[in-house]
Amino acid sequence: MPLTDSDNLVMDSIINRYPRSRSAIMPLLHLAQSKDGYVTPESIEVIAKKLNLESAEVSAVATFYTQYKRGPVGEYHVGVCTNTLCAIMGGDEIFESLKEHLGVENNGVTQDGKVSIEHIECNAACDYAPVVMANWEFYDNQSVESAKDLVDSMRQGNPIAPTRGPDKLPTWKENSALLAGINDGLANQGVSAGKPTLLGLKIAQSGNKKLTPELTKSYDQKDSFTLDGYRRNGGYKAIEKALNMSPDDVIQAVKDSGLRGRGGAGFPTGMKWGFIPQGDNKEHYFVVNADESEPGTCKDTPLMLANPHVLIEGIIIGSYAIRAKHAFIYIRGEVAHVIRRVQQAIEDAYKAGLLGKNILGKGFDLDLVLHVGAGAYICGEETALLDSLEGFRGQPRLRPPFPAIAGLYARPTVVNNVESVASVPAIINNGAQWFSSLGTEKSKGFTLYSLSGHVKNPGQFEAPLGITLRELIDMAGGMRNGNKLKFWTPGGSSTPIFTDEHLDIPLDYEGVAAAGSMLGTKALQIFDETTSVVRAVLRWTEFYKHESCGKCTPCREGTWWLVQILKDLDAGKGEQADLEKLLDLCDNIAGRSFCALADGAASPIISSIKYFREEYLEHLRIGGSPFSPAASSLLTSDGVKV
Amino acid sequence: MSTQEIATETAVEMITLTIDGFEVSVPKGTLVIRAAEKLGIQIPRFCDHPLLDPVGACRQCLVEIEVNGRKFPKPQASCTIPVEPGMIVNTQLTSAVADKAQQGVMELLLINHPLDCPVCDKGGECPLQNQAMSNGREESRFEGTKRTFEKPINISSQVLLDRERCILCARCTRFSEQIAGDPFITLNERGALQQVGIYEKEPFESYFSGNTVQICPVGALTGASYRFRARPFDLISTPSACEHCASGCDMRTDVRRGKTLRRLAGDDAAVNEEWNCDKGRWAFKYVNAKDRITNPLIRDESGQLREASWPEALALAAKGLKQNRSAVLVGGRATLEDAYGYSKFARIALNTNDIDFRSRLTSKEEKNFLASHIVGTQVSYKDLDRADHVLLLGFEAEEESPIVFLRLYKQVKKRELKITAVAPFASRGNKKLKAELISTPAGSEASAISKISNLSNKSVIIIGERLSESSGAISAAVALATNSGAKLAWIPRRAGERGALEAGALSNLLPGARPVSDNAARVDLQAAWGVSSLPSNPGLDSDEIVKEVEKGNIGALLVGGVDPLDISPDYQAIMEKAFIVSLEIRQSAVTQIADVVLPVAAVVEKSGTFINWESRAKFFEAAVPDSLTRSDVRILSMLADEMGSSINLPTVSSARDEFNSLGTWHNRESFTTVSGEATKIANGKANLCSWRLLLDSGSMQDGENNLAGTAHPSVAIISKSRADSLGVANGDQIKISTPRGEITLACQIDSIDEDSVWVPRNSINSKVIESLGITSGEVSVVRA
């Protein structure tokens, strides 16, 4: 990109956001895309020179992430989610028909340069399936017809507006500038939340006592995401309280509340904060993991869309507690409007003196930087996130040392999930007791359950830990068409599947673990009897193969092989011994890899064979799948709409 | 290790653990995989390398570990776990879980690995082959499709990459980044398509790229010059010492039927660890150059060189040397034994102290310094490891002693060792070392050095051979060392210079640090040599010798590996006046004018010793043992016999034994301070500065085009203001000239001292001495 003086100014301002300049690689690559539409060799050289790196180091980063493109994309880049849930619900049909309609293949661009298309992984909107993204804006609840209408409208130069986004669809280059951190002023446009996001709140408001909306309580207000809206709902009271406590007392309060990490691992949050050595004369960092990419997980994204300030308030309190002067939100790059909202909220918080120097006059300084990812599920792993934030390829690190001792820039760091941090203001406001009185003995408090798939009404439910799936499906209006529940994931695709045997298991950490799975991110993907298990597992395995960072042998080579075997099994090729081979491979992969991604890859395979071995064998017997994709799709005439 | 050293090592805490039922005690911090090796237990591994930070990426080294009665729920990568007291480790030998896990990883590594063994260079010495046999399944269960890449691709002219073979251990990218500071290769893409790659426009031109070929555990990285040439069982390997620079690298030379096919870095933890530079690794083809001299030559009446028999040639040489006042120019590439031969020959057969090993620009100040402060002393790599501050004077580490560079870089990375360089601009090597630059134009070093005051007695001052070109600079350095207590190290560019110094191939020094002017020392040597007298007047230096030849006072020269163009473009013409006996391996500027040429052995064909800049001796056997050529010392011994003044050194080992028996003298010449004068440059002129790049037009790099392809391009470095006044931009051609001649090069704009212009001293299109007649000083610079 030929650099003008203003380009240099913009690049410098991006670099100056970070304590170390290398961290600016990712936003600078987004910036390059905003100018040229993709990452050109020239832009790699320019960035390398600016950051005093070799070009090879920059291209190493640029080639790691899916969102950085090697060639021109259309003015409107359309992503159709074909991860398992969306694919089954109709994503596969939408993708096939769009390819045909546009006359291009995956990653192809139409002749007029207007539209390009690719199939994408889970975009954290599962309760809106089938999901299509355009320039990383949401197009929820798509059908074959609506998708065709969308791309047609793009080619006519008057694209249909996003369902949860700005009034007008920005171009690829415009949104790339947004991802580079350049506020386009459109954050106030668009809804706070869609129908599925409001589902639990509405049910609670109509009197259902099983639900406890706290984080979601303001979602149905048009301006819930603004500073005024947040204040009006009682926001930014907790920091007044917290900043009048000692930092150690804040940590103790969070410990006493029993809050456990909501990002999947369930590690006690207060304990994690307590691990930061104090009085060490080193910078501490508070990092929020907003890289929500686990298939089925769609709780943090709508939270940041509708209520970004509760996250910011939690960050201020958490940073104060661990004595950090610098906080980062690492957000996935594929959610443009969410990025817009969070960026605007941060700026508004600065203006209101809630961030920056001498917050509330208490002598506490805090800088908060929104760091935008570029498409890599592995960056949701905390050490890979830190490496990515530092400007390296997002590959996990050796532990020890643990991030509490040597995390970001080798300094003591806390990495927490969005929901964990967002839960803190309520804990400070209402007291640790209030929080710990909810939930179960070891899994305290309330949490966001995301229900998606073959239920009548998918959506978000905020409830105390320990609720059962039966209760949740009931609230969601039951299974669609009265179909039977066949299998489901408690915590995203990485957790072993459950069947209808497990409808009454309390959905807390211990209950789910005792039944042989993990609560994870409470991403309840529900599949009915029309669904092919093998097809679902194959698609999840393809996801893991796509997202494998490549660092370690079992995951990198293992997923490559697992996909090939599953493809054959789905097509009915092979014999029973192949199932044993598959399981043996999983035994050599799970627990042998560098990080838990490979464990997540093996989970669906092992658990699906455990519960549905006969179905696998049926594929082999008939030489194909006994299921028709149309039956499990939302889009067929049997379904809700076409 | 001396008693002194042992006493000052801090006590190391030992930890005892059990591996496969056997107890072993190792220092705290030892990794489990290393501890197992101490017991002779080999846990299979790929990404692990003792000199690289652990990554735990390949997962091949999985073992079961129990600490404090608690077993880890999953097998652990033994290359990432430091030992703990009472730890119980079960490897594949005693744990079925570990064995299955390892076999599983091996099977997975092989699913995408191509069956290239029949055509892969690594076959026969391949860790993947070996460990697949020892720790893998007999058969693979993979029936799918492998990922394929176009193969091979050049990542530089000398390194080829077969991406299919790569097992992503990342040893190469980690080495390049951690050890060499040259992250020109990186991992690209993600998942199963992850691959090592360069940025297309910037090939892997690191001086240390060859090490990645050596540490690659498969045949993914291969040397272009060795590809398809041989199998390991064809080769006879001999430990050797590198003959290029003075770093002192341990090497392994692999020879087949008398020809060197490749060289690898050897393992010497105290010197080069397991690394070498690309020049040391690949520049060996000169030995078999077409102009290799295999028979004695004499110049006949018609002025042509013709082959002669040894008796005839020796007789003629002896006659010529005896009939004239003779002097000896040794050159900087002799082994210790050969240099000792020249040294003894000069004193006994020629009765002169007119001998100099320095085939380059020199000064009396330098000679005085070498005899007073360097000969017989030791400074080591360990001193660099421990220094608090290292000062580089007239020395470019990466170009002139790559292993010193690696050593410094290691400390810079580990503990931010402070490096200061007095130089006209910050070279890439110095930038990597984060060196503080004291920007100094050539000729003004003395004044710059005299202003330095922040060294301590833990500091090391490194003086390069180039400091001799700046009058007063060495004196200033000596004063600085005296005031601060810092150690003084002298690092010449050539492998033979230190040995020649110790052997007394210098006009003011006899072997074993004996000053010529010290009567007692002379008498002592006389006794050892069994002669009644030795010449007592200090002799002439190389430039003085040539002057005397010009005047007709010296009529004969005995010349070793010398290139007159290393000193002056006029020397060849002047030297022709003398009767020259040349001991050479190839045709050269000296053989062109010689009267007698006696062929000598190349380093690979003889045994010998090189002494590196530390004063560490490294002995090597001939890698090509049945060569018909002979070491210089043996030929000199025959020549001395012919002249009737025997030096009695009929073999290399006799020379070494005799030298060793002499011991080191206790007295040194005193040092006389010389004052410096800054170079005055006329208005509108520039101050030329130059040094040799590691890869350039040096004759020992002949014949290896792949290596030459990675040489840094020849550019002239100028400041922005000069570029503006010349009206040139980066890359434009500029012309640098003296009354004698000119050089035209593309310019590169950098932060260089305002008055200076830097060019490479001996590169393509930049033969400074030949074209300009000077190496520093006033030049004109115009746009070309």
# chains A, B, ... in the order shown; residues from 1 in each chain; ligands from 1
>>> select_by_dssp(residues="range 346-542 of chain A", states="helix (DSSP H, G or I)", output="ChimeraX atom specification")
/A:346-351,377-380,382-389,408-410,418-422,424-430,432-436,469-475,480-482,500-502,509-514,533-542
>>> closest_atom_pairs(of="chain A", to="chain B", cutoff="8 Å", atoms="only C-alpha atoms", output="tab-separated table")
residue	atom	partner	partner_atom	distance
A:Glu54	CA	B:Phe184	CA	6.7
A:Ser55	CA	B:Tyr199	CA	6.0
A:Ala56	CA	B:Tyr199	CA	4.6
A:Glu57	CA	B:Thr186	CA	6.3
A:Ser59	CA	B:Tyr199	CA	6.8
A:Ala60	CA	B:Asn188	CA	4.6
A:Val61	CA	B:Asn188	CA	7.3
A:Thr63	CA	B:Glu189	CA	4.8
A:Phe64	CA	B:Glu189	CA	4.8
A:Tyr65	CA	B:Arg190	CA	7.8
A:Leu398	CA	B:Val55	CA	6.8
A:Lys545	CA	B:Gly191	CA	6.8
A:His546	CA	B:Gly191	CA	6.6
A:Glu547	CA	B:Gly191	CA	6.7
A:Ser548	CA	B:Gly191	CA	4.6
A:Cys549	CA	B:Gly191	CA	4.8
A:Gly550	CA	B:Gly191	CA	3.8
A:Lys551	CA	B:Ala57	CA	5.7
A:Cys552	CA	B:Ala57	CA	4.6
A:Thr553	CA	B:Cys58	CA	5.3
A:Pro554	CA	B:Val105	CA	6.2
A:Arg556	CA	B:Ala192	CA	5.2
A:Glu557	CA	B:Leu108	CA	5.7
A:Gly558	CA	B:Leu108	CA	6.3
A:Trp560	CA	B:Ala192	CA	6.7
A:Trp561	CA	B:Gly144	CA	7.2
A:Gln564	CA	B:Gly144	CA	6.5
A:Ile565	CA	B:Gly144	CA	7.9
A:Leu585	CA	B:Gly104	CA	7.5
A:Asn588	CA	B:Gly104	CA	5.2
A:Ile589	CA	B:Gly104	CA	7.8
A:Gly591	CA	B:Lys74	CA	5.8
A:Arg592	CA	B:Pro75	CA	6.9
A:Ser593	CA	B:Arg59	CA	6.7
A:Phe594	CA	B:Ala57	CA	6.6
>>> write_last_selection(atoms="C-alpha atoms", output="mmCIF file, in the first residue's frame")
data_model
loop_
_atom_site.group_PDB
_atom_site.id
_atom_site.type_symbol
_atom_site.label_atom_id
_atom_site.label_comp_id
_atom_site.auth_asym_id
_atom_site.auth_seq_id
_atom_site.Cartn_x
_atom_site.Cartn_y
_atom_site.Cartn_z
ATOM 1 C CA GLU A 54 11.569 -9.321 8.855
ATOM 2 C CA SER A 55 8.914 -9.701 6.164
ATOM 3 C CA ALA A 56 8.974 -13.426 6.853
ATOM 4 C CA GLU A 57 7.821 -12.759 10.417
ATOM 5 C CA SER A 59 3.833 -13.196 6.537
ATOM 6 C CA ALA A 60 4.051 -15.957 9.150
ATOM 7 C CA VAL A 61 1.328 -14.142 11.087
ATOM 8 C CA THR A 63 -0.949 -16.711 6.771
ATOM 9 C CA PHE A 64 -2.120 -18.097 10.110
ATOM 10 C CA TYR A 65 -5.490 -16.391 10.303
ATOM 11 C CA LEU A 398 4.213 -24.284 27.333
ATOM 12 C CA LYS A 545 -8.944 -29.984 11.274
ATOM 13 C CA HIS A 546 -9.462 -26.511 9.848
ATOM 14 C CA GLU A 547 -8.723 -24.857 13.163
ATOM 15 C CA SER A 548 -5.806 -27.033 14.239
ATOM 16 C CA CYS A 549 -2.908 -24.659 14.754
ATOM 17 C CA GLY A 550 -0.432 -27.250 13.467
ATOM 18 C CA LYS A 551 2.010 -27.115 16.328
ATOM 19 C CA CYS A 552 1.739 -30.688 17.550
ATOM 20 C CA THR A 553 1.670 -33.971 15.717
ATOM 21 C CA PRO A 554 -1.426 -35.666 17.194
ATOM 22 C CA ARG A 556 -2.268 -31.688 13.121
ATOM 23 C CA GLU A 557 -1.876 -35.118 11.581
ATOM 24 C CA GLY A 558 -4.605 -36.743 13.632
ATOM 25 C CA TRP A 560 -6.205 -34.846 8.892
ATOM 26 C CA TRP A 561 -6.652 -38.598 9.198
ATOM 27 C CA GLN A 564 -10.720 -39.001 5.941
ATOM 28 C CA ILE A 565 -11.930 -41.963 7.944
ATOM 29 C CA LEU A 585 -6.601 -43.254 16.818
ATOM 30 C CA ASN A 588 -3.527 -41.824 20.480
ATOM 31 C CA ILE A 589 -4.706 -38.268 19.977
ATOM 32 C CA GLY A 591 -4.415 -36.564 25.997
ATOM 33 C CA ARG A 592 -1.315 -36.729 23.807
ATOM 34 C CA SER A 593 -1.476 -33.329 22.198
ATOM 35 C CA PHE A 594 -0.082 -29.986 23.228
#
>>> residues_around(residues="Thr171 in chain A", least_positions_apart="5", cutoff="7 Å", atoms="only C-alpha atoms", output="PyMOL selection string")
chain A and resi 75-76+135
>>> write_last_selection(atoms="all heavy atoms", output="compact mmCIF listing (two decimals), in the first residue's frame")
# COMPACT_ATOMS: atom_id res chain seq x y z
N GLU A 75 -16.68 -6.86 -3.12
CA GLU A 75 -17.03 -5.69 -2.32
C GLU A 75 -17.83 -6.15 -1.10
O GLU A 75 -17.77 -5.56 -0.02
CB GLU A 75 -17.88 -4.76 -3.19
CG GLU A 75 -18.01 -3.35 -2.65
CD GLU A 75 -18.82 -2.47 -3.58
OE1 GLU A 75 -18.78 -2.72 -4.82
OE2 GLU A 75 -19.51 -1.56 -3.08
N TYR A 76 -18.56 -7.22 -1.34
CA TYR A 76 -19.31 -7.84 -0.24
C TYR A 76 -18.87 -9.30 -0.13
O TYR A 76 -19.05 -10.07 -1.07
CB TYR A 76 -20.82 -7.75 -0.51
CG TYR A 76 -21.27 -6.33 -0.68
CD1 TYR A 76 -21.51 -5.78 -1.95
CD2 TYR A 76 -21.40 -5.49 0.43
CE1 TYR A 76 -21.88 -4.46 -2.09
CE2 TYR A 76 -21.79 -4.16 0.29
CZ TYR A 76 -22.02 -3.65 -0.97
OH TYR A 76 -22.38 -2.33 -1.12
N ASN A 135 -19.45 -9.33 5.07
CA ASN A 135 -18.45 -8.39 5.61
C ASN A 135 -18.49 -8.39 7.13
O ASN A 135 -18.30 -7.37 7.79
CB ASN A 135 -18.69 -6.97 5.07
CG ASN A 135 -18.49 -6.91 3.57
OD1 ASN A 135 -17.86 -7.78 2.98
ND2 ASN A 135 -19.06 -5.88 2.95
>>> closest_residue(among="B:Val531, B:Leu693, B:Val596, B:Ala241", to="Gly429 in chain B", atoms="only C-alpha atoms")
B:Leu693
>>> residues_around(residues="range 403-415 of chain A", least_positions_apart="4", cutoff="10 Å", atoms="only C-alpha atoms", output="PyMOL selection string")
chain A and resi 19-20+23+261+269+272-278+280+282-289+318-319+322+324+327-330+381-383+385-390+397+399+421
>>> write_last_selection(atoms="N, CA and C atoms", output="tab-separated table (two decimals), in the first residue's frame")
chain	number	residue	atom	x	y	z
A	19	PRO	N	1.70	-1.67	24.58
A	19	PRO	CA	3.01	-1.52	25.24
A	19	PRO	C	4.17	-2.01	24.37
A	20	ARG	N	3.92	-3.00	23.53
A	20	ARG	CA	4.98	-3.48	22.64
A	20	ARG	C	4.48	-3.39	21.21
A	23	SER	N	2.58	-6.13	18.84
A	23	SER	CA	1.15	-6.43	18.98
A	23	SER	C	0.32	-5.77	17.89
A	261	GLY	N	-14.94	-19.73	36.22
A	261	GLY	CA	-14.75	-19.24	34.87
A	261	GLY	C	-15.81	-19.76	33.91
A	269	THR	N	-12.72	-18.06	39.66
A	269	THR	CA	-12.21	-16.78	39.16
A	269	THR	C	-11.41	-16.05	40.22
A	272	LYS	N	-8.02	-17.44	40.64
A	272	LYS	CA	-7.13	-17.05	39.55
A	272	LYS	C	-6.59	-15.65	39.80
A	273	TRP	N	-7.46	-14.74	40.23
A	273	TRP	CA	-7.00	-13.37	40.50
A	273	TRP	C	-5.96	-13.38	41.62
A	274	GLY	N	-6.18	-14.26	42.59
A	274	GLY	CA	-5.27	-14.32	43.73
A	274	GLY	C	-3.89	-14.84	43.38
A	275	PHE	N	-3.76	-15.49	42.23
A	275	PHE	CA	-2.45	-16.04	41.85
A	275	PHE	C	-1.47	-14.97	41.41
A	276	ILE	N	-1.98	-13.78	41.09
A	276	ILE	CA	-1.07	-12.73	40.62
A	276	ILE	C	-0.20	-12.29	41.78
A	277	PRO	N	1.13	-12.40	41.64
A	277	PRO	CA	2.00	-11.98	42.74
A	277	PRO	C	1.89	-10.45	42.91
A	278	GLN	N	1.73	-10.01	44.13
A	278	GLN	CA	1.62	-8.57	44.35
A	278	GLN	C	2.93	-8.05	44.94
A	280	ASP	N	5.44	-7.02	43.26
A	280	ASP	CA	6.58	-7.53	42.49
A	280	ASP	C	7.19	-6.49	41.57
A	282	LYS	N	6.21	-5.34	38.85
A	282	LYS	CA	6.11	-5.64	37.41
A	282	LYS	C	4.74	-5.18	36.91
A	283	GLU	N	4.64	-4.95	35.61
A	283	GLU	CA	3.31	-4.62	35.07
A	283	GLU	C	2.43	-5.87	35.16
A	284	HIS	N	1.18	-5.67	35.53
A	284	HIS	CA	0.19	-6.74	35.48
A	284	HIS	C	-0.78	-6.44	34.35
A	285	TYR	N	-1.32	-7.49	33.75
A	285	TYR	CA	-2.27	-7.29	32.66
A	285	TYR	C	-3.56	-8.06	32.91
A	286	PHE	N	-4.67	-7.42	32.55
A	286	PHE	CA	-5.97	-8.06	32.65
A	286	PHE	C	-6.49	-8.26	31.24
A	287	VAL	N	-6.69	-9.51	30.87
A	287	VAL	CA	-7.08	-9.81	29.49
A	287	VAL	C	-8.41	-10.52	29.47
A	288	VAL	N	-9.31	-10.05	28.62
A	288	VAL	CA	-10.62	-10.70	28.49
A	288	VAL	C	-10.64	-11.53	27.22
A	289	ASN	N	-11.01	-12.78	27.35
A	289	ASN	CA	-11.10	-13.68	26.21
A	289	ASN	C	-12.48	-13.54	25.60
A	318	GLY	N	-11.88	-5.79	37.92
A	318	GLY	CA	-10.87	-6.85	37.92
A	318	GLY	C	-9.46	-6.31	37.83
A	319	SER	N	-9.27	-5.29	36.98
A	319	SER	CA	-7.93	-4.72	36.84
A	319	SER	C	-7.51	-4.07	38.15
A	322	ILE	N	-6.39	-6.83	40.64
A	322	ILE	CA	-5.09	-7.46	40.46
A	322	ILE	C	-3.97	-6.44	40.25
A	324	ALA	N	-3.65	-4.03	37.84
A	324	ALA	CA	-3.22	-3.92	36.44
A	324	ALA	C	-3.55	-2.52	35.94
A	327	ALA	N	-5.49	-3.16	30.33
A	327	ALA	CA	-6.38	-4.29	30.10
A	327	ALA	C	-6.64	-4.42	28.61
A	328	PHE	N	-6.89	-5.63	28.19
A	328	PHE	CA	-7.15	-5.89	26.77
A	328	PHE	C	-8.39	-6.74	26.65
A	329	ILE	N	-9.17	-6.47	25.62
A	329	ILE	CA	-10.24	-7.39	25.24
A	329	ILE	C	-9.79	-7.99	23.93
A	330	TYR	N	-9.62	-9.31	23.89
A	330	TYR	CA	-9.28	-9.98	22.63
A	330	TYR	C	-10.59	-10.50	22.06
A	381	GLU	N	-7.83	-20.34	23.18
A	381	GLU	CA	-7.02	-21.00	24.20
A	381	GLU	C	-6.16	-19.91	24.82
A	382	GLU	N	-6.12	-19.82	26.14
A	382	GLU	CA	-5.57	-18.59	26.74
A	382	GLU	C	-4.13	-18.29	26.36
A	383	THR	N	-3.27	-19.31	26.29
A	383	THR	CA	-1.88	-18.99	25.96
A	383	THR	C	-1.71	-18.69	24.48
A	385	LEU	N	-4.01	-17.20	22.83
A	385	LEU	CA	-4.54	-15.83	22.79
A	385	LEU	C	-3.44	-14.84	23.12
A	386	LEU	N	-2.67	-15.14	24.15
A	386	LEU	CA	-1.61	-14.22	24.55
A	386	LEU	C	-0.56	-14.09	23.45
A	387	ASP	N	-0.18	-15.22	22.84
A	387	ASP	CA	0.79	-15.13	21.76
A	387	ASP	C	0.24	-14.33	20.60
A	388	SER	N	-1.05	-14.53	20.32
A	388	SER	CA	-1.68	-13.78	19.23
A	388	SER	C	-1.71	-12.29	19.57
A	389	LEU	N	-2.02	-11.99	20.81
A	389	LEU	CA	-2.07	-10.59	21.24
A	389	LEU	C	-0.68	-9.95	21.18
A	390	GLU	N	0.34	-10.76	21.37
A	390	GLU	CA	1.70	-10.21	21.31
A	390	GLU	C	2.17	-10.02	19.87
A	397	ARG	N	1.21	-21.97	24.33
A	397	ARG	CA	2.54	-21.96	24.92
A	397	ARG	C	2.69	-23.07	25.93
A	399	ARG	N	3.15	-24.54	29.49
A	399	ARG	CA	2.87	-24.12	30.87
A	399	ARG	C	3.41	-25.18	31.78
A	421	VAL	N	-16.16	-12.06	33.64
A	421	VAL	CA	-15.87	-10.67	34.01
A	421	VAL	C	-17.17	-9.88	34.16
>>> select_by_dssp(residues="range 500-531 of chain B", states="strand (DSSP E or B)", output="list of chain:residue names")
B:Leu506, B:Leu509, B:Leu510, B:Arg514, B:Pro515
>>> closest_residue(among="A:Ala24, A:Leu438, A:Ala242, A:Leu448", to="Ile359 in chain A", atoms="only C-alpha atoms")
A:Ala242
